[in-house]
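K.L.:
Sharing data_36.csv, CSV, C-alpha atoms:
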```
chain,number,residue,atom,x,y,z
A,1,MET,CA,-24.4,47.3,124.3
A,2,PRO,CA,-23.8,45.2,121.2
A,3,CYS,CA,-20.5,46.8,120.5
A,4,ASP,CA,-19.1,45.8,123.8
A,5,CYS,CA,-20.2,42.2,123.4
A,6,GLU,CA,-18.8,42.1,119.9
A,7,PHE,CA,-15.5,43.3,121.3
A,8,ILE,CA,-15.5,40.5,123.9
A,9,SER,CA,-16.3,38.0,121.2
A,10,GLU,CA,-13.7,39.3,118.8
A,11,GLY,CA,-11.0,39.3,121.5
A,12,LEU,CA,-11.9,35.7,122.3
A,13,ARG,CA,-11.9,34.6,118.7
A,14,HIS,CA,-8.5,36.2,118.1
A,15,GLY,CA,-7.1,34.8,121.3
A,16,VAL,CA,-8.3,31.3,120.3
A,17,GLY,CA,-6.6,31.5,116.9
A,18,VAL,CA,-3.2,32.4,118.4
A,19,ASN,CA,-0.9,29.6,119.3
A,20,LYS,CA,1.2,32.0,121.5
A,21,PRO,CA,-0.3,32.1,125.0
A,22,GLN,CA,1.1,35.5,125.9
A,23,GLU,CA,-0.4,37.1,122.7
A,24,ALA,CA,-3.7,35.3,123.3
A,25,LEU,CA,-3.8,36.5,126.9
A,26,ALA,CA,-3.2,40.1,125.7
A,27,TRP,CA,-6.5,39.8,123.8
A,28,ILE,CA,-8.3,38.0,126.6
A,29,ALA,CA,-7.4,40.5,129.3
A,30,PRO,CA,-9.5,43.4,127.9
A,31,ALA,CA,-12.4,41.0,127.3
A,32,GLU,CA,-12.2,39.9,130.9
A,33,THR,CA,-12.3,43.6,132.1
A,34,LEU,CA,-15.2,44.4,129.9
A,35,ALA,CA,-17.3,41.4,130.9
A,36,LEU,CA,-16.8,42.3,134.5
A,37,ARG,CA,-17.7,45.9,133.9
A,38,LEU,CA,-20.9,44.8,132.1
A,39,ARG,CA,-21.6,42.3,134.9
A,40,ASP,CA,-22.1,39.6,132.2
A,41,THR,CA,-21.5,36.5,134.3
A,42,LEU,CA,-21.7,34.0,131.5
A,43,ARG,CA,-19.4,36.0,129.2
A,44,TYR,CA,-17.0,36.3,132.2
A,45,ALA,CA,-17.2,32.6,132.7
A,46,GLU,CA,-16.4,32.1,129.0
A,47,VAL,CA,-13.4,34.4,129.3
A,48,LEU,CA,-12.1,32.6,132.4
A,49,GLY,CA,-12.4,29.3,130.5
A,50,TRP,CA,-10.1,30.6,127.8
A,51,LYS,CA,-7.8,32.2,130.3
A,52,GLY,CA,-7.5,28.9,132.1
A,53,ALA,CA,-6.9,27.0,128.9
A,54,TYR,CA,-4.0,29.3,128.1
A,55,HIS,CA,-2.5,28.9,131.6
A,56,VAL,CA,-2.2,25.1,131.6
A,57,GLN,CA,1.5,25.5,132.2
A,58,ARG,CA,0.7,27.4,135.4
A,59,ARG,CA,-1.2,24.4,136.7
A,60,THR,CA,-2.5,25.7,140.1
A,61,TYR,CA,-3.7,29.0,138.5
A,62,ALA,CA,-5.4,27.2,135.6
A,63,GLU,CA,-7.1,24.9,138.0
A,64,ALA,CA,-8.5,27.8,140.1
A,65,VAL,CA,-9.6,29.8,137.1
A,66,LEU,CA,-11.5,27.0,135.5
A,67,GLN,CA,-13.1,26.0,138.7
A,68,GLN,CA,-14.2,29.6,139.2
A,69,ALA,CA,-15.7,29.6,135.7
A,70,ILE,CA,-17.6,26.4,136.3
A,71,ARG,CA,-19.0,27.8,139.6
A,72,LEU,CA,-20.1,31.0,137.8
A,73,VAL,CA,-22.0,29.0,135.3
A,74,GLU,CA,-23.6,27.0,138.1
A,75,THR,CA,-24.5,30.2,140.0
A,76,VAL,CA,-26.5,31.6,137.1
A,77,GLY,CA,-28.1,28.3,136.4
A,78,ALA,CA,-26.8,28.0,132.9
A,79,GLN,CA,-26.1,24.3,133.0
A,80,PRO,CA,-26.3,22.2,131.0
A,81,SER,CA,-24.9,24.3,128.2
A,82,LEU,CA,-22.2,24.1,125.6
A,83,LEU,CA,-20.1,26.5,127.7
A,84,TYR,CA,-20.5,24.4,130.8
A,85,ALA,CA,-19.5,21.2,128.9
A,86,VAL,CA,-16.4,22.9,127.3
A,87,LEU,CA,-15.3,24.2,130.7
A,88,TRP,CA,-15.4,20.7,132.1
A,89,ARG,CA,-13.3,19.4,129.2
A,90,ARG,CA,-10.7,22.2,129.8
A,91,TRP,CA,-10.7,21.4,133.5
A,92,GLY,CA,-10.0,17.8,132.5
A,93,ILE,CA,-7.1,18.9,130.3
A,94,VAL,CA,-5.5,20.6,133.3
A,95,ALA,CA,-5.8,17.4,135.4
A,96,HIS,CA,-4.6,15.3,132.4
A,97,ASP,CA,-1.5,17.6,132.0
A,98,GLN,CA,-0.8,17.1,135.7
A,99,MET,CA,-1.1,13.3,135.2
A,100,ARG,CA,-4.0,13.1,137.6
A,101,TYR,CA,-5.7,10.7,135.3
A,102,GLU,CA,-8.7,9.6,137.4
A,103,ILE,CA,-9.7,13.2,137.9
A,104,ALA,CA,-9.2,14.0,134.2
A,105,LEU,CA,-11.3,11.0,133.3
A,106,GLU,CA,-14.2,12.2,135.6
A,107,ARG,CA,-14.0,15.7,134.0
A,108,TYR,CA,-13.9,14.5,130.4
A,109,ARG,CA,-16.8,12.1,131.1
A,110,ARG,CA,-18.8,14.9,132.7
A,111,GLY,CA,-18.2,17.1,129.6
A,112,LEU,CA,-19.3,14.3,127.3
A,113,GLN,CA,-22.4,13.6,129.5
A,114,LEU,CA,-23.4,17.3,129.2
A,115,LEU,CA,-22.9,17.3,125.5
A,116,GLU,CA,-25.0,14.2,125.2
A,117,GLU,CA,-27.8,15.7,127.3
A,118,LEU,CA,-27.8,18.7,125.0
A,119,GLY,CA,-28.0,16.4,121.9
A,120,LEU,CA,-24.7,17.7,120.6
A,121,LEU,CA,-23.3,14.3,119.4
A,122,GLU,CA,-22.4,15.8,116.1
A,123,HIS,CA,-20.9,19.0,117.5
A,124,PRO,CA,-17.1,19.6,117.1
A,125,ASP,CA,-16.7,19.9,120.9
A,126,TYR,CA,-18.1,16.4,121.3
A,127,ALA,CA,-15.4,15.1,119.0
A,128,ILE,CA,-12.7,17.1,120.7
A,129,THR,CA,-13.7,15.7,124.1
A,130,LEU,CA,-13.7,12.2,122.8
A,131,ASN,CA,-10.2,12.8,121.4
A,132,ASN,CA,-9.1,14.1,124.8
A,133,LEU,CA,-10.5,11.0,126.4
A,134,ALA,CA,-8.7,8.8,123.8
A,135,LEU,CA,-5.4,10.6,124.5
A,136,LEU,CA,-5.9,10.0,128.3
A,137,TYR,CA,-6.5,6.3,127.7
A,138,ARG,CA,-3.4,6.2,125.5
A,139,ASP,CA,-1.3,7.9,128.2
A,140,GLN,CA,-2.5,5.3,130.7
A,141,GLY,CA,-1.6,2.4,128.3
A,142,ARG,CA,-5.3,1.6,127.7
A,143,TYR,CA,-4.8,1.3,124.0
A,144,ARG,CA,-7.9,-0.8,123.2
A,145,GLU,CA,-10.1,1.8,124.8
A,146,ALA,CA,-8.3,4.6,123.1
A,147,GLU,CA,-8.6,2.9,119.7
A,148,SER,CA,-12.3,2.3,120.1
A,149,LEU,CA,-12.8,6.1,120.4
A,150,TYR,CA,-11.0,6.8,117.2
A,151,LEU,CA,-13.1,4.3,115.1
```
Let me see the file written as structure tokens.
P.N.:
Amino acid sequence: MPCDCEFISEGLRHGVGVNKPQEALAWIAPAETLALRLRDTLRYAEVLGWKGAYHVQRRTYAEAVLQQAIRLVETVGAQPSLLYAVLWRRWGIVAHDQMRYEIALERYRRGLQLLEELGLLEHPDYAITLNNLALLYRDQGRYREAESLYL
């Protein structure tokens, strides 16, 4: 059903481009329903990843949603993959926002490790994850380590 998958992708693309979480979630919700109806586990994991990213303010919920997305990817054996690495980064963002720095560090490093295994050192998500790691170091007062990631 290419139309259904295109709808999911369009909903995610629109949701990503919106800086208003409620509006983004309005686009993500139908994509989530459709992915479940199609029994497309990886698409569902991707949708959950975006849903968790937009719910960072609702910390416990975001943590659970992202953990569920990671487990889904593991269940279908789709790791390492770009989606899997991005989910680890987003899961790190949740811990970082909660000032659980050691957990955030582990999650960011796991995301970087996966991207390196995939040979995606030039991919934008690699740079984004490095930036998140640098911000974490900055927030911990580890300025030299943060600066080394920007150079």
K.L.:
Taking 4 positions as the minimum chain separation for residues in the same chain, which residues sit within 9 Å of Thr129 (chain A) when counting all atoms listed in the file? Answer as a list in words.
P.N.:
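Contacts, in chain order: Val86, Arg89, Tyr108, Arg109, Gly111, Leu112, Pro124, Asp125, Leu133 and Ala134 of chain A.
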K.L.:
Set the distance at 12 Å and use only C-alpha atoms: which residues neighbour Ser148 (chain A) once local chain neighbours fewer than 4 positions away are removed? I'd like the list as a list in words.
P.N.:
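Near neighbours after the sequence-gap exclusion: Leu130, Asn131, Leu133, Ala134, Leu135, Tyr137, Arg138, Arg142, Tyr143 and Arg144 of chain A.
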K.L.:
May I ask for the distance between CA of Gln68 (chain A) and CA of Leu83 (chain A), given in Å to one decimal place?
P.N.:
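Here the two named atoms are 13.3 Å from each other.
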K.L.:
Go through A:Leu136, A:Leu149, A:Val47, A:Val73 and flag the residue nearest His96 (chain A), using all atoms listed in the file for the distances.
P.N.:
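Of all the options, A:Leu136 lies closest to His96 (chain A).
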K.L.:
Can you measure CA of Tyr150 (chain A) to CA of Ala69 (chain A) for me? One decimal in Å is fine.
P.N.:
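Result for CA of Tyr150 (chain A) versus CA of Ala69 (chain A): 29.7 Å, one decimal.
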K.L.:
So how many Å separate CA of Ala146 (chain A) and CA of Leu121 (chain A), to one decimal?
P.N.:
18.2 Å
K.L.:
Out of A:Leu48, A:Ala104, A:Ala62, A:Ala53, which residue has the shortest atom-to-atom distance to Leu36 (chain A) when counting only C-alpha atoms?
P.N.:
A:Leu48
K.L.:
Identify, on the basis of all atoms listed in the file, every residue whose closest approach to Ala64 (chain A) does not exceed 10 Å; exclude the query and any residue fewer than 6 positions from it along the same chain; express the result as a short mmCIF file (atom, residue, chain, number, x, y, z; two decimals) with C-alpha atoms, in the frame of the given file.
P.N.:
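Contents of selection.cif, as written:
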```cif
data_model
loop_
_atom_site.label_atom_id
_atom_site.label_comp_id
_atom_site.auth_asym_id
_atom_site.auth_seq_id
_atom_site.Cartn_x
_atom_site.Cartn_y
_atom_site.Cartn_z
CA LEU A 48 -12.10 32.60 132.40
CA GLY A 52 -7.50 28.90 132.10
CA ILE A 70 -17.60 26.40 136.30
CA TRP A 91 -10.70 21.40 133.50
#
```
